[in-house]
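Coordinates as given in upload_4.pdb (PDB, C-alpha atoms and all ligand atoms):
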ATOM      1  CA  MET A  24      95.246 155.551 111.062  1.00  0.00           C
ATOM      2  CA  ASN A  25      92.098 153.412 111.060  1.00  0.00           C
ATOM      3  CA  HIS A  26      93.103 151.993 107.725  1.00  0.00           C
ATOM      4  CA  LEU A  27      96.414 150.925 109.171  1.00  0.00           C
ATOM      5  CA  ILE A  28      94.692 149.115 112.035  1.00  0.00           C
ATOM      6  CA  VAL A  29      92.336 147.332 109.639  1.00  0.00           C
ATOM      7  CA  PHE A  30      95.251 146.427 107.374  1.00  0.00           C
ATOM      8  CA  THR A  31      97.232 145.038 110.312  1.00  0.00           C
ATOM      9  CA  PHE A  32      94.233 143.040 111.446  1.00  0.00           C
ATOM     10  CA  VAL A  33      93.696 141.546 107.979  1.00  0.00           C
ATOM     11  CA  LEU A  34      97.386 140.710 107.816  1.00  0.00           C
ATOM     12  CA  LEU A  35      97.260 138.960 111.189  1.00  0.00           C
ATOM     13  CA  LEU A  36      94.149 137.098 110.101  1.00  0.00           C
ATOM     14  CA  SER A  37      95.821 135.824 106.940  1.00  0.00           C
ATOM     15  CA  PHE A  38      98.856 134.697 108.924  1.00  0.00           C
ATOM     16  CA  HIS A  39      96.524 132.832 111.234  1.00  0.00           C
ATOM     17  CA  THR A  40      94.778 131.104 108.296  1.00  0.00           C
ATOM     18  CA  SER A  41      98.018 129.936 106.731  1.00  0.00           C
ATOM     19  CA  ALA A  42      99.249 128.693 110.101  1.00  0.00           C
ATOM     20  CA  SER A  43      96.277 126.388 110.625  1.00  0.00           C
ATOM     21  CA  LYS A  44      97.359 123.798 108.108  1.00  0.00           C
ATOM     22  CA  PHE A  45      96.294 120.191 108.068  1.00  0.00           C
ATOM     23  CA  ASP A  46      98.655 117.887 109.915  1.00  0.00           C
ATOM     24  CA  ALA A  47      99.185 114.138 110.304  1.00  0.00           C
ATOM     25  CA  GLN A  48     100.379 111.897 113.099  1.00  0.00           C
ATOM     26  CA  ILE A  49     101.276 108.455 111.783  1.00  0.00           C
ATOM     27  CA  ASN A  50     102.495 105.531 113.826  1.00  0.00           C
ATOM     28  CA  MET A  51     104.039 102.831 111.663  1.00  0.00           C
ATOM     29  CA  VAL A  52     104.061  99.171 112.641  1.00  0.00           C
ATOM     30  CA  ASN A  53     106.064  96.481 110.866  1.00  0.00           C
ATOM     31  CA  PHE A  54     107.455  98.842 108.217  1.00  0.00           C
ATOM     32  CA  PRO A  55     110.977  98.144 106.967  1.00  0.00           C
ATOM     33  CA  GLN A  56     112.933 101.388 107.104  1.00  0.00           C
ATOM     34  CA  GLU A  57     113.218 101.683 103.323  1.00  0.00           C
ATOM     35  CA  HIS A  58     109.403 101.720 103.080  1.00  0.00           C
ATOM     36  CA  GLU A  59     108.892 104.358 105.745  1.00  0.00           C
ATOM     37  CA  ALA A  60     110.103 107.071 103.367  1.00  0.00           C
ATOM     38  CA  LYS A  61     107.287 106.283 100.945  1.00  0.00           C
ATOM     39  CA  VAL A  62     104.730 106.754 103.715  1.00  0.00           C
ATOM     40  CA  TYR A  63     106.297 110.080 104.727  1.00  0.00           C
ATOM     41  CA  GLN A  64     106.152 111.245 101.108  1.00  0.00           C
ATOM     42  CA  ALA A  65     102.491 110.190 100.885  1.00  0.00           C
ATOM     43  CA  ILE A  66     101.724 112.099 104.086  1.00  0.00           C
ATOM     44  CA  GLU A  67     103.415 115.243 102.785  1.00  0.00           C
ATOM     45  CA  LEU A  68     101.282 114.994  99.647  1.00  0.00           C
ATOM     46  CA  ILE A  69      98.104 114.547 101.721  1.00  0.00           C
ATOM     47  CA  LYS A  70      98.972 117.591 103.839  1.00  0.00           C
ATOM     48  CA  LYS A  71      99.564 119.755 100.776  1.00  0.00           C
ATOM     49  CA  VAL A  72      96.402 118.609  99.001  1.00  0.00           C
ATOM     50  CA  VAL A  73      94.086 118.984 102.014  1.00  0.00           C
ATOM     51  CA  SER A  74      95.451 122.497 102.616  1.00  0.00           C
ATOM     52  CA  SER A  75      94.877 123.486  98.982  1.00  0.00           C
ATOM     53  CA  GLN A  76      92.083 125.664  97.641  1.00  0.00           C
ATOM     54  CA  GLU A  77      91.471 123.235  94.777  1.00  0.00           C
ATOM     55  CA  PHE A  78      90.731 120.380  97.185  1.00  0.00           C
ATOM     56  CA  LYS A  79      88.138 122.543  98.917  1.00  0.00           C
ATOM     57  CA  GLU A  80      86.528 123.650  95.670  1.00  0.00           C
ATOM     58  CA  ARG A  81      86.362 120.133  94.251  1.00  0.00           C
ATOM     59  CA  ILE A  82      84.732 118.678  97.363  1.00  0.00           C
ATOM     60  CA  LEU A  83      82.177 121.477  97.599  1.00  0.00           C
ATOM     61  CA  ALA A  84      81.350 121.096  93.895  1.00  0.00           C
ATOM     62  CA  HIS A  85      81.129 117.278  93.917  1.00  0.00           C
ATOM     63  CA  THR A  86      77.958 115.947  92.309  1.00  0.00           C
ATOM     64  CA  TYR A  87      76.132 112.648  92.055  1.00  0.00           C
ATOM     65  CA  GLU A  88      73.282 112.393  89.534  1.00  0.00           C
ATOM     66  CA  GLY A  89      73.139 116.167  89.201  1.00  0.00           C
ATOM     67  CA  LYS A  90      72.968 116.873  92.922  1.00  0.00           C
ATOM     68  CA  LYS A  91      75.761 118.389  95.023  1.00  0.00           C
ATOM     69  CA  ILE A  92      76.169 115.349  97.259  1.00  0.00           C
ATOM     70  CA  PHE A  93      78.348 112.305  97.898  1.00  0.00           C
ATOM     71  CA  VAL A  94      76.937 108.783  98.041  1.00  0.00           C
ATOM     72  CA  ASP A  95      76.725 107.256 101.565  1.00  0.00           C
ATOM     73  CA  ASN A  96      77.302 110.688 103.085  1.00  0.00           C
ATOM     74  CA  LYS A  97      75.896 110.007 106.609  1.00  0.00           C
ATOM     75  CA  GLY A  98      73.378 112.778 105.891  1.00  0.00           C
ATOM     76  CA  LEU A  99      76.176 115.354 105.630  1.00  0.00           C
ATOM     77  CA  SER A 100      76.439 118.070 102.992  1.00  0.00           C
ATOM     78  CA  ASN A 101      79.608 118.523 100.921  1.00  0.00           C
ATOM     79  CA  GLU A 102      80.529 121.484 103.160  1.00  0.00           C
ATOM     80  CA  GLN A 103      80.123 119.403 106.326  1.00  0.00           C
ATOM     81  CA  ILE A 104      82.215 116.565 104.882  1.00  0.00           C
ATOM     82  CA  TYR A 105      84.972 119.025 103.964  1.00  0.00           C
ATOM     83  CA  GLN A 106      84.862 120.524 107.457  1.00  0.00           C
ATOM     84  CA  LEU A 107      85.048 117.076 109.073  1.00  0.00           C
ATOM     85  CA  ILE A 108      88.228 116.363 107.071  1.00  0.00           C
ATOM     86  CA  LEU A 109      89.795 119.710 108.038  1.00  0.00           C
ATOM     87  CA  ASP A 110      88.878 119.110 111.680  1.00  0.00           C
ATOM     88  CA  GLY A 111      90.534 115.686 111.544  1.00  0.00           C
ATOM     89  CA  SER A 112      87.667 114.513 113.683  1.00  0.00           C
ATOM     90  CA  GLU A 113      87.843 110.716 113.617  1.00  0.00           C
ATOM     91  CA  THR A 114      85.060 108.613 115.148  1.00  0.00           C
ATOM     92  CA  LEU A 115      87.543 107.239 117.711  1.00  0.00           C
ATOM     93  CA  ILE A 116      89.457 110.530 118.207  1.00  0.00           C
ATOM     94  CA  PRO A 117      86.691 113.121 117.749  1.00  0.00           C
ATOM     95  CA  GLU A 118      88.743 116.034 119.069  1.00  0.00           C
ATOM     96  CA  LYS A 119      88.967 118.713 116.356  1.00  0.00           C
ATOM     97  CA  ASN A 120      92.758 118.758 116.221  1.00  0.00           C
ATOM     98  CA  GLY A 121      93.130 119.444 112.474  1.00  0.00           C
ATOM     99  CA  ARG A 122      95.137 116.268 112.222  1.00  0.00           C
ATOM    100  CA  MET A 123      94.955 112.832 110.711  1.00  0.00           C
ATOM    101  CA  ASP A 124      95.682 110.350 113.531  1.00  0.00           C
ATOM    102  CA  VAL A 125      96.399 106.820 112.349  1.00  0.00           C
ATOM    103  CA  GLU A 126      98.430 103.711 112.909  1.00  0.00           C
ATOM    104  CA  LEU A 127      99.666 101.905 109.820  1.00  0.00           C
ATOM    105  CA  GLU A 128     100.606  98.273 109.722  1.00  0.00           C
ATOM    106  CA  LEU A 129     102.175  96.569 106.721  1.00  0.00           C
ATOM    107  CA  TYR A 130     101.142  92.950 106.208  1.00  0.00           C
ATOM    108  CA  GLN A 131     101.821  90.316 103.599  1.00  0.00           C
ATOM    109  CA  ASN A 132      99.016  88.566 101.785  1.00  0.00           C
ATOM    110  CA  THR A 133      98.409  87.202  98.281  1.00  0.00           C
ATOM    111  CA  SER A 134      94.768  88.362  98.234  1.00  0.00           C
ATOM    112  CA  ASN A 135      93.566  91.279  96.126  1.00  0.00           C
ATOM    113  CA  THR A 136      92.853  93.420  99.186  1.00  0.00           C
ATOM    114  CA  ILE A 137      94.869  96.641  99.034  1.00  0.00           C
ATOM    115  CA  GLY A 138      94.156  97.653 102.589  1.00  0.00           C
ATOM    116  CA  TYR A 139      91.513  97.429 105.267  1.00  0.00           C
ATOM    117  CA  THR A 140      90.506  98.672 108.684  1.00  0.00           C
ATOM    118  CA  TYR A 141      87.838  98.133 111.345  1.00  0.00           C
ATOM    119  CA  PRO A 142      85.607 100.681 113.082  1.00  0.00           C
ATOM    120  CA  HIS A 143      86.960  99.849 116.579  1.00  0.00           C
ATOM    121  CA  THR A 144      90.622 100.595 115.854  1.00  0.00           C
ATOM    122  CA  THR A 145      92.765 103.525 114.707  1.00  0.00           C
ATOM    123  CA  ARG A 146      94.932 101.042 112.827  1.00  0.00           C
ATOM    124  CA  ILE A 147      94.929 100.691 109.029  1.00  0.00           C
ATOM    125  CA  TRP A 148      96.429  97.570 107.448  1.00  0.00           C
ATOM    126  CA  MET A 149      98.188  97.863 104.089  1.00  0.00           C
ATOM    127  CA  ASN A 150      99.031  94.869 101.941  1.00  0.00           C
ATOM    128  CA  SER A 151     102.730  94.876 100.992  1.00  0.00           C
ATOM    129  CA  LYS A 152     101.834  93.151  97.714  1.00  0.00           C
ATOM    130  CA  TYR A 153     100.435  96.510  96.595  1.00  0.00           C
ATOM    131  CA  PHE A 154     102.291  98.899  98.845  1.00  0.00           C
ATOM    132  CA  ASN A 155     105.697  97.798  97.515  1.00  0.00           C
ATOM    133  CA  LYS A 156     104.869  98.673  93.913  1.00  0.00           C
ATOM    134  CA  TYR A 157     102.796 101.774  94.649  1.00  0.00           C
ATOM    135  CA  THR A 158     104.095 105.290  94.092  1.00  0.00           C
ATOM    136  CA  PRO A 159     103.757 107.775  96.984  1.00  0.00           C
ATOM    137  CA  VAL A 160     100.812 109.270  95.068  1.00  0.00           C
ATOM    138  CA  GLN A 161      98.984 105.920  95.067  1.00  0.00           C
ATOM    139  CA  VAL A 162      99.807 105.375  98.740  1.00  0.00           C
ATOM    140  CA  ALA A 163      98.310 108.821  99.438  1.00  0.00           C
ATOM    141  CA  ASP A 164      95.084 107.745  97.697  1.00  0.00           C
ATOM    142  CA  ASN A 165      94.890 104.439  99.559  1.00  0.00           C
ATOM    143  CA  LEU A 166      95.813 105.904 102.931  1.00  0.00           C
ATOM    144  CA  PHE A 167      93.318 108.743 102.575  1.00  0.00           C
ATOM    145  CA  HIS A 168      90.586 106.316 101.453  1.00  0.00           C
ATOM    146  CA  GLU A 169      91.148 104.212 104.580  1.00  0.00           C
ATOM    147  CA  TRP A 170      91.320 107.289 106.789  1.00  0.00           C
ATOM    148  CA  LEU A 171      87.923 108.475 105.463  1.00  0.00           C
ATOM    149  CA  HIS A 172      86.556 105.219 106.905  1.00  0.00           C
ATOM    150  CA  LYS A 173      87.983 106.453 110.239  1.00  0.00           C
ATOM    151  CA  LEU A 174      85.767 109.533 109.865  1.00  0.00           C
ATOM    152  CA  GLY A 175      82.820 107.124 109.764  1.00  0.00           C
ATOM    153  CA  PHE A 176      82.219 106.952 105.999  1.00  0.00           C
ATOM    154  CA  ASP A 177      81.450 103.634 104.354  1.00  0.00           C
ATOM    155  CA  HIS A 178      80.726 102.286 100.889  1.00  0.00           C
ATOM    156  CA  ALA A 179      79.263  99.239  99.132  1.00  0.00           C
ATOM    157  CA  ILE A 180      81.468  96.155  99.392  1.00  0.00           C
ATOM    158  CA  LYS A 181      81.020  95.156  95.749  1.00  0.00           C
ATOM    159  CA  TYR A 182      81.902  97.419  92.863  1.00  0.00           C
ATOM    160  CA  THR A 183      79.152  99.511  91.340  1.00  0.00           C
ATOM    161  CA  LEU A 184      79.493 102.767  89.421  1.00  0.00           C
ATOM    162  CA  ARG A 185      77.613 104.410  92.299  1.00  0.00           C
ATOM    163  CA  ARG A 186      80.321 103.314  94.746  1.00  0.00           C
ATOM    164  CA  ASN A 187      82.843 105.586  92.993  1.00  0.00           C
ATOM    165  CA  TYR A 188      80.821 108.535  94.315  1.00  0.00           C
ATOM    166  CA  SER A 189      81.063 107.426  97.953  1.00  0.00           C
ATOM    167  CA  VAL A 190      83.200 109.576 100.248  1.00  0.00           C
ATOM    168  CA  PRO A 191      86.171 107.153 100.566  1.00  0.00           C
ATOM    169  CA  TYR A 192      86.340 106.391  96.835  1.00  0.00           C
ATOM    170  CA  ALA A 193      85.525 109.812  95.397  1.00  0.00           C
ATOM    171  CA  ILE A 194      87.811 111.743  97.744  1.00  0.00           C
ATOM    172  CA  GLY A 195      90.505 109.031  97.585  1.00  0.00           C
ATOM    173  CA  TYR A 196      90.568 109.415  93.787  1.00  0.00           C
ATOM    174  CA  LEU A 197      90.551 113.193  94.148  1.00  0.00           C
ATOM    175  CA  MET A 198      93.519 112.906  96.502  1.00  0.00           C
ATOM    176  CA  GLU A 199      95.427 110.895  93.883  1.00  0.00           C
ATOM    177  CA  GLU A 200      94.590 113.336  91.083  1.00  0.00           C
ATOM    178  CA  LEU A 201      95.658 116.407  93.056  1.00  0.00           C
ATOM    179  CA  ALA A 202      98.684 114.715  94.666  1.00  0.00           C
ATOM    180  CA  HIS A 203     100.090 114.195  91.152  1.00  0.00           C
ATOM    181  CA  LYS A 204     100.385 117.972  90.838  1.00  0.00           C
ATOM    182  CA  HIS A 205     102.515 118.200  93.980  1.00  0.00           C
ATOM    183  CA  TYR A 206     104.609 115.087  93.408  1.00  0.00           C
ATOM    184  CA  ARG A 207     108.218 115.664  92.401  1.00  0.00           C
ATOM    185  CA  PRO A 208     110.149 112.369  92.286  1.00  0.00           C
ATOM    186  CA  SER A 209     113.709 113.165  93.230  1.00  0.00           C
ATOM    187  CA  ASN A 210     115.561 110.916  90.810  1.00  0.00           C
ATOM    188  CA  VAL A 211     117.950 111.859  88.026  1.00  0.00           C
ATOM    189  CA  ARG A 212     116.167 109.863  85.329  1.00  0.00           C
ATOM    190  CA  LEU A 213     113.144 112.117  85.479  1.00  0.00           C
ATOM    191  CA  ASP A 214     115.313 115.229  85.327  1.00  0.00           C
ATOM    192  CA  SER A 215     116.939 114.105  82.092  1.00  0.00           C
ATOM    193  CA  SER A 216     113.585 113.133  80.552  1.00  0.00           C
ATOM    194  CA  LEU A 217     112.329 116.640  81.285  1.00  0.00           C
ATOM    195  CA  THR A 218     114.792 118.051  78.742  1.00  0.00           C
ATOM    196  CA  GLU A 219     113.299 115.993  75.889  1.00  0.00           C
ATOM    197  CA  PRO A 220     110.302 118.218  75.082  1.00  0.00           C
ATOM    198  CA  VAL A 221     112.667 121.204  74.830  1.00  0.00           C
ATOM    199  CA  GLU A 222     114.872 119.356  72.335  1.00  0.00           C
ATOM    200  CA  ASN A 223     111.812 118.348  70.310  1.00  0.00           C
ATOM    201  CA  LEU A 224     110.660 121.929  70.291  1.00  0.00           C
ATOM    202  CA  ASN A 225     114.003 123.042  68.851  1.00  0.00           C
ATOM    203  CA  VAL A 226     113.712 120.492  66.060  1.00  0.00           C
ATOM    204  CA  ASN A 227     110.203 121.672  65.220  1.00  0.00           C
ATOM    205  CA  GLN A 228     111.275 125.281  65.133  1.00  0.00           C
ATOM    206  CA  SER A 229     114.100 124.594  62.690  1.00  0.00           C
ATOM    207  CA  LEU A 230     111.706 122.872  60.257  1.00  0.00           C
TER     208      LEU A 230
HETATM  209 ZN    ZN A 301      87.054 101.275 101.621  1.00  0.00          ZN
END
Step by step, read the file and then write its structure as structure tokens.
Ligand SMILES: [Zn+2]
Amino acid sequence: MNHLIVFTFVLLLSFHTSASKFDAQINMVNFPQEHEAKVYQAIELIKKVVSSQEFKERILAHTYEGKKIFVDNKGLSNEQIYQLILDGSETLIPEKNGRMDVELELYQNTSNTIGYTYPHTTRIWMNSKYFNKYTPVQVADNLFHEWLHKLGFDHAIKYTLRRNYSVPYAIGYLMEELAHKHYRPSNVRLDSSLTEPVENLNVNQSL
């Protein structure tokens, strides 16, 4: 009987864990309707990646010069950075709501700036010059990078190798790498190209 109670408790606990998934609340400004879908796809990818075990493991195991740290980490350990992400605790919306709260505005500019934000606003600006040609996976990287600024993380303005290990860059890149695994473009061309390796395999076998 006791075993049954323990089993039921563990079962309830695991249901609770899977229910507390990472969420996102995005307000889009100046987005043509055909571009909104790309943002929604990027957000779905972000939600899946943040909820994944691999994301957790990779952040906890992140190293810079042999130490388990990020560059420009605000004095936080890898565990604390991971927890801050899960909590969705932005500097401007510190409530631990397990949610990414942002406003996105699309703007047009010929500069090489992909996107930017300021500490005093929840808004993130994305340059349509890049956004328009980006895949949802790349948008997920860029959006997550900018959102990590909203959690109070910064990085050097100019490129250095060290900058790649900062929280926005390192975890933005990680987001892109892991989002690839969850990304399934829903077009017919990809479906037909998927059959090619099978055909090649048949040829090899007959040789
Ligand atoms: Zn940045």
Self-check item: Nearby residues (all atoms listed in the file) at most 8 Å from region 118-127 of chain A, same-chain spacing under 2 positions excluded, as a PyMOL selection string
Solution: chain A and resi 43-52+108-113+116+129+145-149+170
Write to file, as a PDB file, in the frame of the given file, the residues of the selection just made, with C-alpha atoms.
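The resulting file, selection_14.pdb, is reproduced below:
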ATOM      1  CA  SER A  43      96.277 126.388 110.625  1.00  0.00           C
ATOM      2  CA  LYS A  44      97.359 123.798 108.108  1.00  0.00           C
ATOM      3  CA  PHE A  45      96.294 120.191 108.068  1.00  0.00           C
ATOM      4  CA  ASP A  46      98.655 117.887 109.915  1.00  0.00           C
ATOM      5  CA  ALA A  47      99.185 114.138 110.304  1.00  0.00           C
ATOM      6  CA  GLN A  48     100.379 111.897 113.099  1.00  0.00           C
ATOM      7  CA  ILE A  49     101.276 108.455 111.783  1.00  0.00           C
ATOM      8  CA  ASN A  50     102.495 105.531 113.826  1.00  0.00           C
ATOM      9  CA  MET A  51     104.039 102.831 111.663  1.00  0.00           C
ATOM     10  CA  VAL A  52     104.061  99.171 112.641  1.00  0.00           C
ATOM     11  CA  ILE A 108      88.228 116.363 107.071  1.00  0.00           C
ATOM     12  CA  LEU A 109      89.795 119.710 108.038  1.00  0.00           C
ATOM     13  CA  ASP A 110      88.878 119.110 111.680  1.00  0.00           C
ATOM     14  CA  GLY A 111      90.534 115.686 111.544  1.00  0.00           C
ATOM     15  CA  SER A 112      87.667 114.513 113.683  1.00  0.00           C
ATOM     16  CA  GLU A 113      87.843 110.716 113.617  1.00  0.00           C
ATOM     17  CA  ILE A 116      89.457 110.530 118.207  1.00  0.00           C
ATOM     18  CA  LEU A 129     102.175  96.569 106.721  1.00  0.00           C
ATOM     19  CA  THR A 145      92.765 103.525 114.707  1.00  0.00           C
ATOM     20  CA  ARG A 146      94.932 101.042 112.827  1.00  0.00           C
ATOM     21  CA  ILE A 147      94.929 100.691 109.029  1.00  0.00           C
ATOM     22  CA  TRP A 148      96.429  97.570 107.448  1.00  0.00           C
ATOM     23  CA  MET A 149      98.188  97.863 104.089  1.00  0.00           C
ATOM     24  CA  TRP A 170      91.320 107.289 106.789  1.00  0.00           C
TER      25      TRP A 170
END
Quiz item: Counting only C-alpha atoms and all ligand atoms, what residues are within 12 Å of ligand ZN 301 (chain A), given as a ChimeraX atom specification?
Solution: /A:95,136-142,147-149,164-182,186-187,189-196
Quiz item: Neighbours of His85 (chain A) within 12 Å (only C-alpha atoms; same-chain residues fewer than 2 positions away dropped), as a PyMOL selection string?
Solution: chain A and resi 77-83+87-94+96+100-102+104-105+187-190+193-194+197
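Across the model, the gap from CA of Leu184 (chain A) to CA of Gln106 (chain A) is 25.9 Å.
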Quiz item: In Å to one decimal, how far is CA of Ala163 (chain A) from CA of His58 (chain A)?
Solution: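 Atom-to-atom, CA of His58 (chain A) to CA of Ala163 (chain A), that is 13.7 Å.
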Would you kindly place N, CA and C atoms on region 171-194 of chain A and return the model as a PDB file, keeping the file's coordinate frame?
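So the final result, stored in out.pdb, reads:
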ATOM      1  N   LEU A 171      89.311 107.989 105.563  1.00  0.00           N
ATOM      2  CA  LEU A 171      87.923 108.475 105.463  1.00  0.00           C
ATOM      3  C   LEU A 171      86.964 107.470 106.116  1.00  0.00           C
ATOM      4  N   HIS A 172      87.343 106.199 106.130  1.00  0.00           N
ATOM      5  CA  HIS A 172      86.556 105.219 106.905  1.00  0.00           C
ATOM      6  C   HIS A 172      86.632 105.572 108.391  1.00  0.00           C
ATOM      7  N   LYS A 173      87.785 106.070 108.818  1.00  0.00           N
ATOM      8  CA  LYS A 173      87.983 106.453 110.239  1.00  0.00           C
ATOM      9  C   LYS A 173      87.108 107.643 110.625  1.00  0.00           C
ATOM     10  N   LEU A 174      86.688 108.415 109.602  1.00  0.00           N
ATOM     11  CA  LEU A 174      85.767 109.533 109.865  1.00  0.00           C
ATOM     12  C   LEU A 174      84.319 109.038 109.876  1.00  0.00           C
ATOM     13  N   GLY A 175      84.154 107.721 109.682  1.00  0.00           N
ATOM     14  CA  GLY A 175      82.820 107.124 109.764  1.00  0.00           C
ATOM     15  C   GLY A 175      82.125 106.935 108.423  1.00  0.00           C
ATOM     16  N   PHE A 176      82.845 107.123 107.317  1.00  0.00           N
ATOM     17  CA  PHE A 176      82.219 106.952 105.999  1.00  0.00           C
ATOM     18  C   PHE A 176      82.438 105.534 105.484  1.00  0.00           C
ATOM     19  N   ASP A 177      81.399 105.009 104.850  1.00  0.00           N
ATOM     20  CA  ASP A 177      81.450 103.634 104.354  1.00  0.00           C
ATOM     21  C   ASP A 177      81.083 103.609 102.864  1.00  0.00           C
ATOM     22  N   HIS A 178      81.136 102.436 102.292  1.00  0.00           N
ATOM     23  CA  HIS A 178      80.726 102.286 100.889  1.00  0.00           C
ATOM     24  C   HIS A 178      80.316 100.850 100.657  1.00  0.00           C
ATOM     25  N   ALA A 179      79.674 100.596  99.487  1.00  0.00           N
ATOM     26  CA  ALA A 179      79.263  99.239  99.132  1.00  0.00           C
ATOM     27  C   ALA A 179      80.495  98.341  99.054  1.00  0.00           C
ATOM     28  N   ILE A 180      80.331  97.079  99.431  1.00  0.00           N
ATOM     29  CA  ILE A 180      81.468  96.155  99.392  1.00  0.00           C
ATOM     30  C   ILE A 180      81.810  95.812  97.937  1.00  0.00           C
ATOM     31  N   LYS A 181      80.782  95.514  97.156  1.00  0.00           N
ATOM     32  CA  LYS A 181      81.020  95.156  95.749  1.00  0.00           C
ATOM     33  C   LYS A 181      81.029  96.394  94.863  1.00  0.00           C
ATOM     34  N   TYR A 182      81.799  96.277  93.784  1.00  0.00           N
ATOM     35  CA  TYR A 182      81.902  97.419  92.863  1.00  0.00           C
ATOM     36  C   TYR A 182      80.570  97.729  92.186  1.00  0.00           C
ATOM     37  N   THR A 183      80.222  98.972  92.190  1.00  0.00           N
ATOM     38  CA  THR A 183      79.152  99.511  91.340  1.00  0.00           C
ATOM     39  C   THR A 183      79.655 100.887  90.916  1.00  0.00           C
ATOM     40  N   LEU A 184      79.085 101.431  89.849  1.00  0.00           N
ATOM     41  CA  LEU A 184      79.493 102.767  89.421  1.00  0.00           C
ATOM     42  C   LEU A 184      79.192 103.774  90.538  1.00  0.00           C
ATOM     43  N   ARG A 185      78.056 103.535  91.213  1.00  0.00           N
ATOM     44  CA  ARG A 185      77.613 104.410  92.299  1.00  0.00           C
ATOM     45  C   ARG A 185      78.663 104.487  93.416  1.00  0.00           C
ATOM     46  N   ARG A 186      79.336 103.363  93.659  1.00  0.00           N
ATOM     47  CA  ARG A 186      80.321 103.314  94.746  1.00  0.00           C
ATOM     48  C   ARG A 186      81.443 104.326  94.542  1.00  0.00           C
ATOM     49  N   ASN A 187      81.775 104.614  93.274  1.00  0.00           N
ATOM     50  CA  ASN A 187      82.843 105.586  92.993  1.00  0.00           C
ATOM     51  C   ASN A 187      82.522 106.975  93.525  1.00  0.00           C
ATOM     52  N   TYR A 188      81.243 107.220  93.831  1.00  0.00           N
ATOM     53  CA  TYR A 188      80.821 108.535  94.315  1.00  0.00           C
ATOM     54  C   TYR A 188      80.706 108.561  95.839  1.00  0.00           C
ATOM     55  N   SER A 189      81.064 107.459  96.480  1.00  0.00           N
ATOM     56  CA  SER A 189      81.063 107.426  97.953  1.00  0.00           C
ATOM     57  C   SER A 189      82.222 108.279  98.450  1.00  0.00           C
ATOM     58  N   VAL A 190      82.167 108.682  99.701  1.00  0.00           N
ATOM     59  CA  VAL A 190      83.200 109.576 100.248  1.00  0.00           C
ATOM     60  C   VAL A 190      84.602 108.947 100.153  1.00  0.00           C
ATOM     61  N   PRO A 191      84.797 107.692 100.635  1.00  0.00           N
ATOM     62  CA  PRO A 191      86.171 107.153 100.566  1.00  0.00           C
ATOM     63  C   PRO A 191      86.702 107.019  99.136  1.00  0.00           C
ATOM     64  N   TYR A 192      85.851 106.562  98.201  1.00  0.00           N
ATOM     65  CA  TYR A 192      86.340 106.391  96.835  1.00  0.00           C
ATOM     66  C   TYR A 192      86.513 107.729  96.127  1.00  0.00           C
ATOM     67  N   ALA A 193      85.467 108.557  96.151  1.00  0.00           N
ATOM     68  CA  ALA A 193      85.525 109.812  95.397  1.00  0.00           C
ATOM     69  C   ALA A 193      86.658 110.717  95.904  1.00  0.00           C
ATOM     70  N   ILE A 194      86.785 110.828  97.217  1.00  0.00           N
ATOM     71  CA  ILE A 194      87.811 111.743  97.744  1.00  0.00           C
ATOM     72  C   ILE A 194      89.188 111.076  97.697  1.00  0.00           C
TER      73      ILE A 194
END
